[in-house]
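Asks: Dropping in upload.csv, which is CSV, C-alpha atoms:
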chain,number,residue,atom,x,y,z
A,25,MET,CA,-11.7,7.2,-44.8
A,26,LYS,CA,-11.9,5.4,-41.6
A,27,GLU,CA,-10.7,7.2,-38.4
A,28,ALA,CA,-10.5,6.6,-34.7
A,29,PRO,CA,-13.8,7.2,-32.8
A,30,GLU,CA,-14.3,10.6,-31.3
A,31,ALA,CA,-14.7,9.2,-27.8
A,32,LEU,CA,-11.0,8.2,-28.0
A,33,GLU,CA,-10.0,11.8,-28.6
A,34,GLN,CA,-11.8,12.8,-25.4
A,35,LYS,CA,-10.2,10.0,-23.5
A,36,LEU,CA,-6.7,11.0,-24.6
A,37,VAL,CA,-7.3,14.7,-23.8
A,38,GLU,CA,-8.3,13.7,-20.3
A,39,ALA,CA,-5.2,11.6,-20.0
A,40,PHE,CA,-3.2,14.6,-21.3
A,41,ARG,CA,-4.7,16.9,-18.6
A,42,ARG,CA,-4.1,14.3,-15.8
A,43,HIS,CA,-0.5,13.9,-16.9
A,44,HIS,CA,0.3,17.6,-17.0
A,45,ALA,CA,-1.5,18.3,-13.7
A,46,ALA,CA,0.6,15.6,-12.0
A,47,ARG,CA,3.7,16.9,-13.7
A,48,SER,CA,3.2,20.5,-12.6
A,49,ALA,CA,2.5,19.3,-9.0
A,50,ARG,CA,5.7,17.3,-9.1
A,51,GLY,CA,7.6,20.3,-10.4
A,52,GLN,CA,6.3,22.5,-7.7
A,53,ARG,CA,7.4,20.1,-5.0
A,54,ILE,CA,10.9,20.0,-6.6
A,55,TRP,CA,11.1,23.8,-6.7
A,56,ILE,CA,10.0,24.1,-3.0
A,57,GLY,CA,12.8,21.6,-2.1
A,58,VAL,CA,15.4,23.5,-4.1
A,59,ALA,CA,14.3,26.8,-2.6
A,60,ALA,CA,14.5,25.4,0.9
A,61,ALA,CA,18.0,24.0,0.3
A,62,ILE,CA,19.2,27.4,-1.1
A,63,ALA,CA,17.7,29.2,2.0
A,64,ILE,CA,19.4,26.8,4.4
A,65,ALA,CA,22.7,27.2,2.6
A,66,GLY,CA,22.3,30.9,2.6
A,67,VAL,CA,21.7,31.1,6.3
A,68,ILE,CA,24.7,28.9,7.0
A,69,GLY,CA,26.8,31.1,4.8
A,70,VAL,CA,25.7,34.3,6.5
A,71,MET,CA,26.2,32.8,9.9
A,72,SER,CA,29.7,31.7,9.1
A,73,PHE,CA,30.5,35.1,7.6
A,74,LEU,CA,29.2,37.3,10.4
A,75,GLY,CA,29.3,35.0,13.3
A,76,ALA,CA,31.7,34.7,16.2
A,77,PRO,CA,34.9,32.7,15.9
A,78,PRO,CA,34.3,29.1,16.4
A,79,GLN,CA,34.1,28.0,20.0
A,80,LYS,CA,36.9,25.8,21.1
A,81,VAL,CA,36.0,23.0,23.3
A,82,ARG,CA,38.2,22.9,26.2
A,83,ARG,CA,38.9,19.7,27.9
A,84,THR,CA,39.5,20.0,31.6
A,85,ALA,CA,40.8,17.3,33.7
A,86,ALA,CA,38.1,16.2,36.0
A,87,ILE,CA,38.8,16.5,39.6
A,88,GLU,CA,37.0,13.9,41.5
A,89,VAL,CA,36.8,13.5,45.1
A,90,VAL,CA,37.2,9.9,45.8
A,91,ARG,CA,35.4,9.0,48.9
A,92,PRO,CA,36.6,5.9,50.6
A,93,ALA,CA,34.4,3.0,50.6
A,94,LYS,CA,32.1,2.5,53.5
A,95,VAL,CA,34.2,1.5,56.4
A,96,VAL,CA,33.0,-1.0,58.8
A,97,PRO,CA,35.2,-1.1,61.8
A,98,THR,CA,35.6,-4.5,63.3
A,99,THR,CA,37.3,-3.3,66.4
A,100,ALA,CA,36.6,-0.5,68.7
A,101,PRO,CA,36.8,2.9,67.1
A,102,SER,CA,40.2,4.5,67.4
A,103,PRO,CA,40.5,8.0,68.7
A,104,MET,CA,42.5,8.8,65.5
A,105,VAL,CA,40.4,10.2,62.7
A,106,PRO,CA,41.0,9.0,59.2
A,107,VAL,CA,41.7,11.7,56.6
A,108,ALA,CA,39.8,11.4,53.4
A,109,ALA,CA,42.1,11.4,50.4
A,110,VAL,CA,41.6,13.9,47.7
A,111,ARG,CA,43.0,12.7,44.5
A,112,ARG,CA,43.1,13.9,41.0
A,113,VAL,CA,41.7,11.1,38.9
A,114,HIS,CA,41.8,10.8,35.2
A,115,ARG,CA,38.5,9.6,33.7
A,116,PRO,CA,38.9,6.3,31.9
A,117,ARG,CA,38.5,6.6,28.2
A,118,HIS,CA,36.7,3.3,27.8
A,119,VAL,CA,33.7,2.2,29.7
A,120,VAL,CA,34.7,-0.3,32.3
A,121,PRO,CA,32.1,-3.0,32.8
A,122,GLU,CA,30.3,-2.6,36.0
A,123,GLN,CA,31.6,-4.7,38.8
A,124,PRO,CA,29.6,-5.9,41.7
A,125,PRO,CA,29.8,-3.4,44.6
A,126,GLN,CA,32.6,-4.1,47.1
A,127,GLN,CA,32.9,-3.2,50.7
A,128,GLU,CA,36.0,-2.7,52.6
A,129,VAL,CA,36.4,-4.1,56.0
A,130,THR,CA,39.0,-2.5,58.1
A,131,THR,CA,40.5,-2.9,61.5
A,132,GLY,CA,40.7,0.2,63.7
A,133,PHE,CA,43.8,2.3,63.6
A,134,LEU,CA,46.5,0.6,65.5
A,135,PRO,CA,49.1,3.0,67.0
A,136,LEU,CA,52.7,2.6,65.9
A,137,ASP,CA,54.3,4.8,68.5
A,138,SER,CA,53.9,5.2,72.2
A,139,SER,CA,52.8,8.8,72.1
A,140,SER,CA,49.3,8.9,73.5
A,141,ALA,CA,48.3,12.1,71.9
A,142,PRO,CA,46.6,11.5,68.5
A,143,PRO,CA,48.0,13.4,65.6
A,144,THR,CA,46.2,16.6,64.8
A,145,GLY,CA,46.6,16.4,61.1
A,146,GLY,CA,48.3,14.2,58.5
A,147,GLU,CA,47.6,12.0,55.6
A,148,VAL,CA,46.5,8.5,55.1
A,149,ILE,CA,48.4,6.6,52.5
A,150,ARG,CA,47.3,3.2,51.3
A,151,MET,CA,50.0,0.6,50.7
A,152,ASP,CA,50.6,-3.1,50.5
A,153,MET,CA,52.5,-4.7,53.3
A,154,PRO,CA,53.8,-8.3,53.9
A,155,ARG,CA,51.0,-10.4,55.4
A,156,SER,CA,53.4,-11.3,58.2
A,157,THR,CA,53.0,-7.7,59.5
A,158,LEU,CA,49.6,-8.7,60.8
A,159,ALA,CA,51.3,-11.0,63.4
A,160,LEU,CA,53.2,-8.0,64.8
A,161,PHE,CA,49.9,-6.5,65.9
A,162,GLY,CA,48.6,-9.8,67.2
A,163,LEU,CA,46.3,-10.4,64.3
A,164,PRO,CA,45.7,-13.9,62.9
A,165,VAL,CA,47.6,-14.8,59.7
A,166,ASP,CA,46.3,-17.2,57.1
A,167,GLU,CA,49.3,-19.4,56.4
A,168,GLN,CA,48.1,-20.4,52.9
A,169,ARG,CA,48.0,-16.7,51.8
A,170,LEU,CA,51.3,-15.8,53.3
A,171,SER,CA,52.7,-14.8,50.0
A,172,VAL,CA,49.8,-12.4,49.3
A,173,PRO,CA,50.4,-8.9,50.6
A,174,VAL,CA,47.9,-7.3,52.8
A,175,ARG,CA,46.5,-3.8,52.2
A,176,ALA,CA,46.9,-1.2,54.9
A,177,ASP,CA,46.2,2.5,55.4
A,178,VAL,CA,49.1,4.2,57.2
A,179,LEU,CA,48.5,7.4,59.0
A,180,TYR,CA,51.3,9.8,58.6
A,181,GLY,CA,51.4,12.9,60.8
A,182,GLU,CA,52.4,16.4,59.9
A,183,ASP,CA,55.8,15.5,61.2
A,184,GLY,CA,56.2,13.0,58.4
A,185,MET,CA,56.1,10.0,60.9
A,186,ALA,CA,53.9,7.0,60.6
A,187,HIS,CA,51.6,7.1,63.6
A,188,ALA,CA,49.1,4.4,63.0
A,189,VAL,CA,48.0,1.7,60.7
A,190,ARG,CA,44.9,-0.1,59.9
A,191,PHE,CA,44.4,-3.2,57.8
A,192,VAL,CA,42.0,-3.4,55.0
A,193,THR,CA,40.3,-6.3,53.4
A,194,THR,CA,37.7,-6.3,50.7
A,195,THR,CA,34.5,-8.3,50.5
A,196,SER,CA,32.0,-8.3,47.7
A,197,PHE,CA,28.6,-6.9,48.6
A,198,GLU,CA,26.9,-10.0,47.3
A,199,THR,CA,29.0,-12.2,49.6
A,200,GLN,CA,28.1,-10.1,52.5
A,201,THR,CA,24.4,-10.0,51.9
A,202,GLY,CA,24.4,-13.7,51.3
A,203,ARG,CA,23.1,-13.5,47.7
B,13,MET,CA,-5.3,30.3,-32.4
B,14,GLN,CA,-6.5,27.0,-33.9
B,15,ALA,CA,-5.8,28.2,-37.4
B,16,SER,CA,-2.2,29.1,-36.5
B,17,LEU,CA,-1.6,25.8,-34.7
B,18,ALA,CA,-2.8,23.9,-37.7
B,19,GLU,CA,-0.1,25.5,-39.8
B,20,GLU,CA,2.7,24.6,-37.4
B,21,SER,CA,5.0,21.8,-37.9
B,22,ASP,CA,4.8,18.5,-36.0
B,23,GLY,CA,8.0,19.3,-34.2
B,24,ASP,CA,6.7,22.7,-32.9
B,25,LEU,CA,3.4,21.2,-31.9
B,26,LEU,CA,5.2,18.5,-30.1
B,27,LYS,CA,7.2,21.0,-28.1
B,28,ARG,CA,4.1,22.9,-27.2
B,29,ALA,CA,2.3,19.8,-26.2
B,30,ALA,CA,5.3,18.8,-24.0
B,31,CYS,CA,4.9,22.2,-22.2
B,32,GLY,CA,1.3,21.4,-21.5
B,33,SER,CA,-0.6,23.0,-24.5
B,34,GLU,CA,-3.7,20.9,-24.9
B,35,GLU,CA,-4.6,22.6,-28.2
B,36,ALA,CA,-1.2,21.6,-29.7
B,37,PHE,CA,-1.8,18.0,-28.6
B,38,VAL,CA,-5.3,17.9,-30.1
B,39,THR,CA,-4.0,19.4,-33.3
B,40,LEU,CA,-1.3,16.7,-33.5
B,41,TYR,CA,-3.8,14.0,-32.7
B,42,ARG,CA,-6.3,15.1,-35.3
B,43,ARG,CA,-3.5,15.3,-37.9
B,44,HIS,CA,-2.2,11.8,-37.4
B,45,GLN,CA,-4.8,9.6,-35.7
B,46,GLY,CA,-6.5,8.6,-39.0
B,47,ARG,CA,-3.3,7.2,-40.6
B,48,VAL,CA,-2.4,5.3,-37.4
B,49,PHE,CA,-5.9,4.0,-37.1
B,50,ARG,CA,-6.1,2.8,-40.7
B,51,PHE,CA,-2.7,1.2,-40.5
B,52,ALA,CA,-3.6,-0.7,-37.4
B,53,LEU,CA,-6.9,-1.7,-38.8
B,54,ARG,CA,-5.3,-3.1,-42.0
B,55,MET,CA,-2.8,-4.9,-40.0
B,56,SER,CA,-5.2,-6.4,-37.5
B,57,GLY,CA,-8.5,-6.4,-39.3
B,58,ASN,CA,-10.2,-5.4,-36.0
B,59,GLU,CA,-11.5,-2.0,-35.1
B,60,THR,CA,-11.2,-2.5,-31.4
B,61,THR,CA,-7.5,-3.5,-31.8
B,62,ALA,CA,-6.9,-0.5,-34.1
B,63,GLU,CA,-8.5,1.8,-31.4
B,64,GLU,CA,-6.4,0.3,-28.7
B,65,VAL,CA,-3.3,0.8,-30.9
B,66,VAL,CA,-4.2,4.5,-31.4
B,67,GLN,CA,-4.7,5.0,-27.7
B,68,GLU,CA,-1.3,3.4,-26.8
B,69,VAL,CA,0.5,5.4,-29.5
B,70,PHE,CA,-0.9,8.7,-28.3
B,71,LEU,CA,-0.4,7.9,-24.6
B,72,LEU,CA,3.2,7.5,-25.5
B,73,VAL,CA,3.2,10.9,-27.0
B,74,ILE,CA,1.6,12.3,-23.9
B,75,ARG,CA,4.1,10.6,-21.5
B,76,GLY,CA,7.3,11.0,-23.4
B,77,PRO,CA,7.2,13.1,-26.6
B,78,VAL,CA,11.0,13.6,-26.2
B,79,ARG,CA,11.5,10.1,-27.5
B,80,TYR,CA,10.9,11.3,-31.0
B,81,LYS,CA,14.0,12.6,-32.6
B,82,THR,CA,13.5,15.0,-35.5
B,83,ALA,CA,16.7,13.9,-37.2
B,84,ARG,CA,15.4,10.3,-37.5
B,85,GLY,CA,12.6,11.1,-39.9
B,86,SER,CA,9.1,12.4,-39.9
B,87,PHE,CA,6.8,12.3,-36.9
B,88,SER,CA,4.3,10.4,-38.9
B,89,ALA,CA,6.8,7.6,-39.7
B,90,TRP,CA,7.8,7.5,-36.0
B,91,LEU,CA,4.1,7.2,-35.0
B,92,LEU,CA,3.5,4.4,-37.5
B,93,GLY,CA,6.6,2.6,-36.3
B,94,VAL,CA,5.3,2.7,-32.7
B,95,ALA,CA,1.9,1.6,-34.0
B,96,ARG,CA,3.5,-1.3,-35.8
B,97,ASN,CA,5.2,-2.5,-32.7
B,98,HIS,CA,2.0,-2.4,-30.8
B,99,VAL,CA,0.1,-4.3,-33.6
B,100,LEU,CA,2.8,-7.0,-33.8
B,101,ARG,CA,2.6,-7.4,-30.0
B,102,ILE,CA,-1.2,-7.8,-30.2
B,103,LEU,CA,-1.0,-10.2,-33.2
B,104,GLU,CA,1.5,-12.3,-31.3
B,105,ARG,CA,-1.0,-12.8,-28.6
B,106,ASP,CA,-3.7,-13.6,-31.0
B,107,PRO,CA,-3.7,-17.3,-32.0
B,108,ARG,CA,-5.7,-16.6,-35.2
B,109,THR,CA,-2.8,-14.6,-36.7
B,110,PRO,CA,-1.3,-16.5,-39.6
B,111,ARG,CA,2.4,-17.1,-38.8
B,112,GLU,CA,3.5,-18.8,-42.0
B,113,THR,CA,5.8,-16.9,-44.3
B,114,VAL,CA,5.8,-17.2,-48.1
B,115,ALA,CA,8.6,-19.3,-49.5
B,116,ARG,CA,10.9,-17.3,-51.6
B,117,ASP,CA,10.7,-19.7,-54.5
B,118,MET,CA,6.9,-19.7,-54.5
B,119,ASP,CA,5.6,-19.5,-58.0
B,120,LEU,CA,3.9,-16.1,-58.3
B,121,PRO,CA,3.1,-13.9,-61.3
B,122,ASP,CA,5.5,-10.9,-61.4
B,123,LEU,CA,3.0,-8.0,-61.6
B,124,SER,CA,3.9,-4.4,-62.0
B,125,ALA,CA,2.3,-1.7,-59.8
B,126,ASP,CA,0.1,-0.7,-62.6
B,127,VAL,CA,-1.4,-4.2,-63.0
B,128,LEU,CA,-2.0,-4.3,-59.3
B,129,SER,CA,-3.8,-0.9,-59.4
B,130,THR,CA,-6.1,-2.1,-62.1
B,131,LEU,CA,-6.9,-5.1,-60.0
B,132,LEU,CA,-7.5,-3.0,-57.0
B,133,VAL,CA,-9.9,-0.7,-58.8
B,134,ARG,CA,-12.0,-3.7,-59.8
B,135,GLU,CA,-12.1,-5.3,-56.4
B,136,SER,CA,-14.5,-4.2,-53.7
B,137,ALA,CA,-13.0,-2.7,-50.5
B,138,GLU,CA,-14.1,-5.7,-48.5
B,139,ALA,CA,-12.4,-8.2,-50.8
B,140,LEU,CA,-9.2,-6.1,-50.7
B,141,ARG,CA,-9.3,-6.0,-46.9
B,142,ARG,CA,-9.6,-9.7,-46.7
B,143,ALA,CA,-6.8,-10.3,-49.2
B,144,VAL,CA,-4.5,-8.0,-47.4
B,145,LEU,CA,-5.2,-9.7,-44.1
B,146,CYS,CA,-4.3,-13.0,-45.6
B,147,LEU,CA,-0.7,-11.8,-46.4
B,148,PRO,CA,2.1,-12.6,-44.0
B,149,VAL,CA,2.7,-9.7,-41.5
B,150,ALA,CA,6.0,-8.6,-43.1
B,151,TYR,CA,4.3,-8.1,-46.5
B,152,ARG,CA,1.1,-6.8,-45.0
B,153,GLU,CA,2.8,-3.9,-43.2
B,154,VAL,CA,4.9,-2.7,-46.1
B,155,LEU,CA,1.9,-2.8,-48.4
B,156,ALA,CA,-0.3,-0.9,-45.8
B,157,LEU,CA,2.3,1.8,-45.4
B,158,CYS,CA,3.5,2.3,-49.0
B,159,ASP,CA,0.5,1.5,-51.2
B,160,LEU,CA,-2.4,2.2,-48.9
B,161,GLU,CA,-1.1,5.1,-46.7
B,162,GLU,CA,1.2,6.3,-49.5
B,163,LEU,CA,4.3,6.7,-47.4
B,164,ASP,CA,7.5,7.0,-49.4
B,165,TYR,CA,10.0,4.2,-49.2
B,166,ALA,CA,12.4,6.0,-46.9
B,167,GLU,CA,9.7,6.8,-44.4
B,168,ALA,CA,8.4,3.3,-44.5
B,169,ALA,CA,11.9,2.0,-44.0
B,170,ARG,CA,12.1,4.2,-40.8
B,171,ALA,CA,8.8,3.1,-39.6
B,172,LEU,CA,9.6,-0.6,-40.1
B,173,GLY,CA,13.2,-0.3,-38.9
B,174,CYS,CA,14.7,-1.9,-41.9
B,175,SER,CA,16.7,-0.8,-45.0
B,176,LEU,CA,15.3,0.8,-48.1
B,177,GLY,CA,16.2,-2.2,-50.2
B,178,THR,CA,14.3,-4.5,-47.8
B,179,VAL,CA,11.2,-2.3,-48.2
B,180,ARG,CA,11.5,-2.4,-52.0
B,181,SER,CA,11.9,-6.1,-52.2
B,182,ARG,CA,9.1,-6.8,-49.6
B,183,LEU,CA,6.8,-4.4,-51.4
B,184,HIS,CA,7.4,-6.1,-54.7
B,185,ARG,CA,6.7,-9.5,-53.3
B,186,ALA,CA,3.7,-8.2,-51.3
B,187,ARG,CA,2.1,-6.9,-54.5
B,188,ASN,CA,2.7,-10.1,-56.3
B,189,LEU,CA,1.2,-12.0,-53.5
B,190,LEU,CA,-1.8,-9.7,-53.3
B,191,ALA,CA,-2.4,-9.9,-57.0
B,192,ALA,CA,-2.2,-13.6,-57.0
B,193,LYS,CA,-4.6,-13.8,-54.1
B,194,LEU,CA,-7.1,-11.4,-55.7
B,195,THR,CA,-7.0,-13.3,-59.0
B,196,ALA,CA,-7.5,-16.6,-57.3
B,197,ASP,CA,-10.5,-15.2,-55.3
B,198,ARG,CA,-12.0,-13.8,-58.5
B,199,ALA,CA,-11.6,-17.1,-60.4
B,200,ARG,CA,-13.2,-18.9,-57.4
B,201,GLY,CA,-16.1,-16.4,-57.5
B,202,CYS,CA,-16.6,-16.8,-61.3
B,203,ALA,CA,-16.6,-20.6,-60.9
B,204,VAL,CA,-19.3,-20.3,-58.3
Would you give me this structure, written as structure tokens?

Replies:
Amino acid sequence: MKEAPEALEQKLVEAFRRHHAARSARGQRIWIGVAAAIAIAGVIGVMSFLGAPPQKVRRTAAIEVVRPAKVVPTTAPSPMVPVAAVRRVHRPRHVVPEQPPQQEVTTGFLPLDSSSAPPTGGEVIRMDMPRSTLALFGLPVDEQRLSVPVRADVLYGEDGMAHAVRFVTTTSFETQTGR
Amino acid sequence: MQASLAEESDGDLLKRAACGSEEAFVTLYRRHQGRVFRFALRMSGNETTAEEVVQEVFLLVIRGPVRYKTARGSFSAWLLGVARNHVLRILERDPRTPRETVARDMDLPDLSADVLSTLLVRESAEALRRAVLCLPVAYREVLALCDLEELDYAEAARALGCSLGTVRSRLHRARNLLAAKLTADRARGCAV
């Protein structure tokens, strides 16, 4: 009776060995993975059981000192000293696209009353005023922008009275540097 | 160890082999390779093809013995079914394979199995091999399984994936065809 050649048996036995060697290696890798997963789960479980109460993340309002932009006096410096404003500012939730740097150009502080003594303390409050106010101080007024208010810093003394004012205009840094 | 393995059933050996027992696999191989080889050889008429079929069949056993279900019949029938699929695939690629089928109304003498046996005894093995190879595949395979490998009809039906009735009718027709072929060959030989 005819049968398959003996060499074929040897070939198949080798294939059998290769297959089972690969299988056992694959099985080992799976078991290592399973053991690692169990270990990690165990560590997490123990930590959550024994560990401290979960830390709460406190959100504190950021207090930011807003420094006034660089002031370039256009007139002679006034004996009155501007007071830097300290404000509580909320951080914006969204990212505001970066704007080109701007520079404020101010006049010197112009006195509002006749008292010669400068105020010892006080507060500077920024406000918008009618552009025609500039004329009261002898400053030129652009007729075409008459409807546009002008920005001003008013210096209030500790007595609550306005003692001086300076006018503010903003120019972009690029414009100034000629870029 | 070898003696005890030889007594074990195919199912048990298969389980052992699946767990990596080389001895179990070798026992299974030695138990069944001859039948698979002869079946493939009768179907293809080519030893290299038969060897290739045996290799493919047992590689399947190595890679996925779980594909065999005990409830679906004997392991031997399952192996022969797998072997048959491989042989048919190889024969399809081979342009020399006769593809014609025998017309149902072809005039053939209705011979009983006994008459065929008498004819087979008289014929040389080589003449018989040639005659079997001349049969259409559907008749060749049923004849190879039932008459030459002595599978029972139910097992042959499982191996071939057809009904018991189909096996019976095909076998009947295959015998008639074979007897006619052998008679014709002998007459031609006498005339010469």

Asks: Tell me the residues of chain A close to chain B, meaning within 12 Å using only C-alpha atoms, as a list in words.

Replies: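 Every residue meeting the condition is included here: Met25, Lys26, Glu27, Ala28, Pro29, Glu30, Ala31, Leu32, Glu33, Gln34, Lys35, Leu36, Val37, Glu38, Ala39, Phe40, Arg41, Arg42, His43, His44, Ala45, Ala46, Arg47 and Ser48 of chain A.
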
Asks: Within 10 Å of A:Asp137, counting only C-alpha atoms, which residues show up once you throw out same-chain ones fewer than 5 positions away? Write them as a PyMOL selection string, please.

Replies: chain A and resi 185-188

Asks: Which residues, written as a tab-separated table (two decimals) with C-alpha atoms, in the frame of the given file, have at least one atom at most 12 Å from B:Tyr80, with all atoms listed in the file counted and residues fewer than 5 positions away on the same chain left out?

Replies:
chain	number	residue	atom	x	y	z
B	22	ASP	CA	4.80	18.50	-36.00
B	23	GLY	CA	8.00	19.30	-34.20
B	26	LEU	CA	5.20	18.50	-30.10
B	27	LYS	CA	7.20	21.00	-28.10
B	30	ALA	CA	5.30	18.80	-24.00
B	72	LEU	CA	3.20	7.50	-25.50
B	73	VAL	CA	3.20	10.90	-27.00
B	74	ILE	CA	1.60	12.30	-23.90
B	75	ARG	CA	4.10	10.60	-21.50
B	85	GLY	CA	12.60	11.10	-39.90
B	86	SER	CA	9.10	12.40	-39.90
B	87	PHE	CA	6.80	12.30	-36.90
B	88	SER	CA	4.30	10.40	-38.90
B	89	ALA	CA	6.80	7.60	-39.70
B	90	TRP	CA	7.80	7.50	-36.00
B	91	LEU	CA	4.10	7.20	-35.00
B	93	GLY	CA	6.60	2.60	-36.30
B	94	VAL	CA	5.30	2.70	-32.70

Asks: Expressed in Å to a single decimal, how great is the separation between atom CA of A:Tyr180 and atom CA of A:Val148?

Replies: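 Straight-line distance from atom CA of A:Tyr180 to atom CA of A:Val148 works out to 6.1 Å.
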
Asks: May I ask which of the residues B:Leu163, B:Leu25, B:Val144, B:Val69 is the closest one to B:Ala186, counting only C-alpha atoms?

Replies: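 Checking each of B:Leu163, B:Leu25, B:Val144, B:Val69 against B:Ala186, counting only C-alpha atoms, the winner is B:Val144.
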
Asks: Which polymer residues have any atom within 10 Å of an atom of A:Val165, counting all atoms listed in the file, with same-chain residues fewer than 6 positions away left out, as a PyMOL selection string?

Replies: chain A and resi 155-159

Asks: Distance atom CA of B:Leu92-atom CA of B:Leu194, one decimal place?

Replies: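 Rounded to one decimal, the two atoms are 26.3 Å apart.
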
Asks: Quick one: of A:Ala176, A:Met71, A:Val189, A:Ile64, who's nearest to A:Pro135, counting all atoms listed in the file?

Replies: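 With all atoms listed in the file as the atom set, the closest residue is A:Val189.
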
Asks: Pick out the closest residue to B:Arg170 from this set: B:Arg182, B:Arg96, B:Leu190, B:Arg28. Count all atoms listed in the file.

Replies: B:Arg96

Asks: Rounded to one decimal, what separation in Å do you get between atom CA of B:Ala166 and atom CA of B:Ile102?

Replies: 25.6 Å
